[in-house]
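Peer 1: Below is the file run-v4.cif, which contains mmCIF, C-alpha atoms.
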```cif
data_target
loop_
_atom_site.label_atom_id
_atom_site.label_comp_id
_atom_site.auth_asym_id
_atom_site.auth_seq_id
_atom_site.Cartn_x
_atom_site.Cartn_y
_atom_site.Cartn_z
CA MET C 1 28.57 -4.71 -16.92
CA VAL C 2 24.94 -5.39 -16.02
CA PRO C 3 24.76 -7.47 -12.81
CA VAL C 4 23.06 -10.86 -12.71
CA LEU C 5 20.50 -11.34 -9.93
CA VAL C 6 19.55 -14.90 -9.04
CA VAL C 7 15.96 -15.22 -7.80
CA SER C 8 15.19 -18.58 -6.22
CA GLY C 9 11.59 -19.72 -5.84
CA ARG C 10 9.11 -22.39 -6.84
CA SER C 11 7.71 -20.99 -10.14
CA ASN C 12 7.68 -17.99 -12.45
CA GLU C 13 4.29 -16.97 -11.10
CA GLN C 14 5.48 -17.12 -7.48
CA ILE C 15 8.53 -14.89 -8.03
CA GLU C 16 6.70 -12.34 -10.22
CA ASN C 17 6.10 -9.78 -7.44
CA TYR C 18 9.71 -10.00 -6.26
CA ILE C 19 11.00 -9.25 -9.74
CA LYS C 20 8.51 -6.40 -10.10
CA ALA C 21 9.78 -4.92 -6.81
CA VAL C 22 13.40 -5.08 -7.99
CA LYS C 23 12.49 -3.48 -11.33
CA GLY C 24 10.83 -0.67 -9.38
CA THR C 25 14.24 0.42 -8.06
CA MET C 26 15.17 1.49 -11.62
CA LEU C 27 18.56 -0.20 -11.17
CA GLY C 28 18.87 -2.57 -14.10
CA CYS C 29 19.96 -6.19 -13.85
CA LEU C 30 19.63 -9.50 -15.61
CA PHE C 31 17.29 -11.87 -13.77
CA LYS C 32 18.18 -15.54 -13.53
CA PRO C 33 15.37 -17.57 -11.93
CA PHE C 34 16.16 -20.87 -10.25
CA PHE C 35 13.47 -23.43 -9.43
CA PRO C 36 13.49 -26.86 -7.74
CA GLY C 37 15.39 -29.35 -9.84
CA ASP C 38 17.44 -26.73 -11.71
CA ARG C 39 21.15 -27.36 -11.97
CA LEU C 40 23.73 -24.87 -10.70
CA ASP C 41 26.60 -25.04 -13.18
CA LYS C 42 30.08 -24.79 -11.71
CA GLY C 43 31.09 -21.81 -13.85
CA PHE C 44 27.89 -19.79 -13.43
CA GLU C 45 28.60 -16.25 -12.20
CA PHE C 46 26.08 -13.98 -10.45
CA HIS C 47 26.18 -10.80 -8.39
CA GLY C 48 23.16 -10.95 -6.07
CA LEU C 49 20.96 -13.63 -4.53
CA LEU C 50 17.28 -13.17 -3.65
CA LEU C 51 15.74 -16.06 -1.72
CA THR C 52 11.94 -15.88 -1.77
CA GLY C 53 9.10 -17.32 0.30
CA GLY C 54 7.62 -20.80 0.16
CA GLY C 55 7.14 -24.04 2.08
CA ASP C 56 9.11 -25.44 4.99
CA ILE C 57 12.65 -26.78 4.90
CA ALA C 58 12.93 -30.57 5.07
CA GLU C 59 13.50 -32.39 8.35
CA GLY C 60 16.95 -31.83 9.87
CA PRO C 61 18.95 -31.09 13.04
CA TYR C 62 18.12 -27.40 12.73
CA TYR C 63 14.58 -27.95 14.06
CA GLU C 64 13.76 -27.65 17.72
CA THR C 65 12.27 -30.83 19.20
CA SER C 66 8.93 -29.13 19.74
CA CYS C 67 5.36 -29.39 18.51
CA GLY C 68 4.20 -28.72 14.99
CA ASP C 69 4.10 -30.31 11.56
CA LEU C 70 6.15 -29.42 8.50
CA GLU C 71 4.32 -28.14 5.43
CA GLY C 72 5.07 -27.79 1.72
CA ILE C 73 8.48 -29.48 1.75
CA VAL C 74 10.35 -29.57 -1.57
CA GLU C 75 13.74 -31.17 -0.93
CA GLU C 76 15.04 -30.27 -4.40
CA ARG C 77 14.56 -26.60 -3.52
CA ASP C 78 16.47 -27.01 -0.24
CA THR C 79 19.38 -28.63 -2.09
CA LEU C 80 19.39 -25.91 -4.75
CA GLU C 81 19.31 -23.04 -2.25
CA PHE C 82 21.99 -24.55 -0.04
CA GLY C 83 24.17 -24.67 -3.15
CA LEU C 84 23.35 -21.08 -4.10
CA LEU C 85 24.14 -19.92 -0.56
CA GLU C 86 27.44 -21.75 -0.53
CA ARG C 87 28.46 -20.07 -3.80
CA ALA C 88 27.22 -16.62 -2.74
CA LEU C 89 28.94 -16.66 0.66
CA LEU C 90 32.17 -17.94 -0.83
CA LYS C 91 32.24 -14.95 -3.20
CA ASN C 92 30.83 -12.31 -0.79
CA ILE C 93 27.73 -11.79 -2.93
CA PRO C 94 24.88 -9.68 -1.40
CA ILE C 95 21.93 -11.77 -0.21
CA LEU C 96 18.34 -10.81 0.57
CA GLY C 97 16.22 -13.52 2.22
CA ILE C 98 12.46 -13.06 2.56
CA CYS C 99 10.27 -15.29 4.78
CA ARG C 100 11.44 -18.83 3.92
CA GLY C 101 14.54 -17.17 2.48
CA MET C 102 15.33 -15.70 5.89
CA GLN C 103 14.80 -19.07 7.55
CA ILE C 104 17.00 -21.06 5.18
CA LEU C 105 19.76 -18.46 5.58
CA ASN C 106 19.65 -18.93 9.34
CA VAL C 107 19.66 -22.73 8.99
CA PHE C 108 22.57 -22.70 6.53
CA LEU C 109 24.62 -20.58 8.94
CA GLY C 110 23.98 -22.84 11.92
CA GLY C 111 20.76 -21.50 13.45
CA LYS C 112 17.54 -23.29 14.42
CA LEU C 113 13.81 -23.00 13.71
CA TYR C 114 10.52 -23.57 15.49
CA ARG C 115 8.45 -26.15 13.62
CA ASP C 116 5.34 -24.08 14.28
CA LEU C 117 5.03 -20.76 16.07
CA GLY C 118 1.38 -21.15 17.08
CA CYS C 119 1.79 -24.26 19.19
CA ASN C 120 4.87 -22.76 20.82
CA GLY C 121 2.90 -19.82 22.18
CA TYR C 122 3.36 -17.32 19.33
CA GLU C 123 0.01 -16.66 17.70
CA LYS C 124 -1.28 -14.42 14.91
CA HIS C 125 1.60 -14.85 12.46
CA ASN C 126 0.17 -17.32 9.94
CA GLY C 127 -1.82 -15.02 7.67
CA THR C 128 -3.05 -15.77 4.15
CA LEU C 129 -3.95 -13.66 1.12
CA GLU C 130 -7.59 -14.10 2.11
CA ASN C 131 -6.92 -13.35 5.80
CA ILE C 132 -4.05 -10.86 5.94
CA ILE C 133 -2.42 -10.44 9.33
CA LEU C 134 -0.59 -7.20 10.17
CA HIS C 135 1.44 -6.54 13.30
CA GLN C 136 3.99 -4.17 14.78
CA VAL C 137 7.72 -4.77 14.53
CA LYS C 138 10.19 -2.99 16.78
CA ILE C 139 13.48 -2.08 15.09
CA ARG C 140 16.75 -1.80 16.91
CA PRO C 141 18.79 1.43 16.53
CA SER C 142 21.96 1.62 14.41
CA THR C 143 20.72 -1.03 11.99
CA ILE C 144 19.99 -1.26 8.29
CA LEU C 145 16.25 -1.20 8.91
CA ARG C 146 16.39 1.83 11.17
CA ASP C 147 18.30 3.64 8.41
CA ILE C 148 15.66 2.63 5.86
CA THR C 149 12.55 3.35 7.91
CA CYS C 150 13.77 6.15 10.23
CA GLN C 151 11.28 4.67 12.72
CA GLU C 152 11.46 2.61 15.89
CA GLU C 153 8.31 0.66 14.97
CA VAL C 154 6.64 -0.26 11.68
CA ILE C 155 3.61 -2.29 10.63
CA VAL C 156 4.31 -5.34 8.48
CA ASN C 157 2.42 -8.31 7.06
CA SER C 158 2.78 -11.84 8.41
CA PHE C 159 2.48 -14.98 6.26
CA HIS C 160 4.49 -17.59 8.18
CA HIS C 161 3.87 -20.41 10.63
CA GLN C 162 7.56 -21.05 11.39
CA GLY C 163 10.17 -18.79 12.94
CA ILE C 164 13.72 -18.62 14.19
CA SER C 165 14.31 -20.14 17.62
CA VAL C 166 18.12 -19.83 17.70
CA LEU C 167 19.83 -17.19 15.56
CA SER C 168 23.10 -18.07 13.83
CA LYS C 169 26.11 -16.59 15.60
CA GLU C 170 27.12 -15.05 12.27
CA LEU C 171 23.97 -12.89 12.14
CA ARG C 172 22.74 -9.89 14.11
CA ALA C 173 19.11 -9.63 15.24
CA ILE C 174 17.68 -6.24 14.27
CA ALA C 175 13.88 -6.45 14.64
CA TYR C 176 11.28 -8.30 16.71
CA SER C 177 7.51 -8.53 16.72
CA ILE C 178 5.71 -7.33 19.84
CA ASP C 179 5.28 -10.94 21.02
CA GLY C 180 9.01 -11.62 20.68
CA VAL C 181 9.39 -13.37 17.31
CA LEU C 182 12.61 -12.50 15.48
CA GLU C 183 11.53 -10.60 12.36
CA ALA C 184 14.81 -9.45 10.78
CA PHE C 185 18.57 -9.95 10.87
CA GLU C 186 21.62 -8.52 9.13
CA LYS C 187 25.28 -9.09 8.40
CA GLU C 188 27.74 -6.57 6.99
CA ASN C 189 30.34 -8.61 5.09
CA PRO C 190 29.02 -10.03 2.93
CA PHE C 191 25.82 -7.98 2.94
CA ILE C 192 22.96 -10.13 4.24
CA LEU C 193 19.47 -8.96 5.10
CA GLY C 194 16.78 -11.36 6.27
CA LEU C 195 13.13 -10.29 6.63
CA GLN C 196 10.31 -12.44 7.97
CA TRP C 197 7.66 -10.26 6.29
CA HIS C 198 7.01 -9.77 2.57
CA PRO C 199 8.08 -6.27 1.41
CA GLU C 200 7.21 -7.15 -2.20
CA ARG C 201 3.54 -7.16 -1.10
CA MET C 202 3.86 -3.72 0.53
CA ILE C 203 5.43 -1.71 -2.29
CA GLU C 204 2.38 0.44 -3.04
CA LYS C 205 1.66 1.39 0.58
CA GLU C 206 4.98 1.53 2.46
CA PRO C 207 7.98 3.54 1.19
CA PHE C 208 10.36 1.49 3.33
CA ALA C 209 9.35 -1.65 1.40
CA ARG C 210 10.58 -0.13 -1.86
CA ALA C 211 13.66 1.21 -0.05
CA THR C 212 14.52 -2.35 1.02
CA PHE C 213 14.94 -3.48 -2.56
CA LYS C 214 16.77 -0.26 -3.49
CA LEU C 215 19.28 -0.87 -0.70
CA PHE C 216 19.82 -4.45 -1.87
CA MET C 217 20.42 -3.38 -5.45
CA ASN C 218 22.79 -0.61 -4.34
CA GLU C 219 24.81 -3.26 -2.52
CA ILE C 220 24.99 -5.33 -5.69
CA TYR C 221 26.15 -2.36 -7.73
CA GLY C 222 28.68 -1.41 -5.04
CA GLN C 223 30.59 -4.69 -5.17
#
```
Please rewrite the model in this file as structure tokens.
Peer 2:
Amino acid sequence: MVPVLVVSGRSNEQIENYIKAVKGTMLGCLFKPFFPGDRLDKGFEFHGLLLTGGGDIAEGPYYETSCGDLEGIVEERDTLEFGLLERALLKNIPILGICRGMQILNVFLGGKLYRDLGCNGYEKHNGTLENIILHQVKIRPSTILRDITCQEEVIVNSFHHQGISVLSKELRAIAYSIDGVLEAFEKENPFILGLQWHPERMIEKEPFARATFKLFMNEIYGQ
């Protein structure tokens, strides 16, 4: 049976690079995109969940009472992804969360976010395609990322203005930026990997970016 991979995002154009990265693993699957406003049917079955980047999560108790404004809120997307996460976790389906995807995973599992990293003392994270920001990330030993990279430190991109302030107790922190921002977490059962950077934008230059998607697909096939 060919596995079904759900890719949640805001448009076909926005998720294009993520799908290309998965196809590059040469492990076949059926892609099922979900966008804001889509309905999650009760009987729908899938085998992997990829939560992509995007705007901020709507106002809620998971935000620290600190400075900063919320940007790009789409409440229909929040509702959809909360539903997808509930279904995936109930059935122990592998999950990969990238940027916003990492943040909504943490929120769903009881963690908290900074509204804005810059005004909380963490600068040089909010890059753009016109002004790309790169920085070092230090990876903890005996973790998924250390196995993938075989390195203590790697260089990654940075396209976010928010970040995790309190990590869910269900997740394990596995990488931090030099200035102390949580950049990655993991969970073993079910398989969960959250990355603050965008590996789909690093495929051509960094072997560990491609290895990230290969690991995720191997987990899906290993269910």
Peer 1: What does the PyMOL selection byres ((chain C and resi 136-146) around 8) select in this file, as a VMD selection string?
Peer 2: chain C and resid 134 to 135 147 to 156 174 to 178 183 186
Peer 1: Using all atoms listed in the file, which of C:Phe108, C:Phe213, C:Met102, C:Leu129 sits nearest Phe185 (chain C)?
Peer 2: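 Looking only at the distances to Phe185 (chain C), the closest residue turns out to be C:Met102.
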Peer 1: For Glu86 (chain C), work out the shell of residues within 12 Å, counting all atoms listed in the file and skipping chain neighbours fewer than 2 positions away, then give it as a PyMOL selection string.
Peer 2: chain C and resi 40+42+49+79-84+88-93+95+104-105+108-109
Peer 1: Enter the distance from CA of Leu50 (chain C) to CA of Glu64 (chain C), in Å, rounded to one decimal.
Peer 2: 26.1 Å
Peer 1: Name the residues in contact with Ile220 (chain C) at a cut-off of 8 Å, using only C-alpha atoms, excluding same-chain residues fewer than 6 positions from it; report them as a PDB file with C-alpha atoms, in the frame of the given file.
Peer 2:
```
ATOM      1  CA  PRO C   3      24.760  -7.470 -12.810  1.00  0.00           C
ATOM      2  CA  HIS C  47      26.180 -10.800  -8.390  1.00  0.00           C
ATOM      3  CA  GLY C  48      23.160 -10.950  -6.070  1.00  0.00           C
ATOM      4  CA  ILE C  93      27.730 -11.790  -2.930  1.00  0.00           C
ATOM      5  CA  PRO C  94      24.880  -9.680  -1.400  1.00  0.00           C
TER       6      PRO C  94
END
```
Peer 1: Translate the PyMOL selection byres ((chain C and resi 118-124) around 9), as applied to the file shown, into an explicit residue set as a PyMOL selection string.
Peer 2: chain C and resi 66-68+114-117+125-127+133-135+158+161-162+179-181
Peer 1: Using the file's own x, y and z axes, so that the box edges lie along x, y and z, what centre and edge lengths in Å (one decimal) does a box around every listed atom of region 50-61 of chain C get when 3 Å is added on each side? Give it as lines of an AutoDock Vina configuration file.
Peer 2:
```
center_x = 13.0
center_y = -22.8
center_z = 4.7
size_x = 17.8
size_y = 25.2
size_z = 22.7
```
Peer 1: What's around Phe31 (chain C) at 10 Å? Count only C-alpha atoms, leave out sequence neighbours fewer than 3 positions away in its own chain, and write the answer as a list of chain:residue names.
Peer 2: C:Pro3, C:Val4, C:Leu5, C:Val6, C:Val7, C:Ile19, C:Val22, C:Lys23, C:Gly28, C:Phe34, C:Phe46, C:Gly48
Peer 1: Just want the 10 Å neighbourhood of Gly54 (chain C), counted on only C-alpha atoms, with same-chain residues fewer than 6 positions away dropped. Output as a list in words.
Peer 2: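 Once the adjacent positions are removed, what remains is Gly9, Arg10, Gln14, Glu71, Gly72, Ile73, Val74, Arg77, Ile98, Cys99, Arg100, Gly101, Phe159 and His160 of chain C.
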Peer 1: Tell me, in Å to one decimal, how far CA of Leu215 (chain C) is from CA of Met26 (chain C).
Peer 2: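 Atom-to-atom, CA of Leu215 (chain C) to CA of Met26 (chain C), that is 11.9 Å.
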Peer 1: On this file, the PyMOL selection byres ((chain C and resi 169) around 9) gives some set of residues; write that set as a PyMOL selection string.
Peer 2: chain C and resi 109-111+166-168+170-172
Peer 1: Mind pulling up the distance from CA of Gln196 (chain C) to CA of Thr128 (chain C)?
Peer 2: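 Separating CA of Thr128 (chain C) from CA of Gln196 (chain C) is a distance of 14.3 Å.
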Peer 1: Using all atoms listed in the file, which of the listed residues (C:Asp41, C:Glu76, C:Pro36, C:Ile203) sits closest to Ala58 (chain C)?
Peer 2: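 Of C:Asp41, C:Glu76, C:Pro36, C:Ile203, the one nearest Ala58 (chain C), counting all atoms listed in the file, is C:Glu76.
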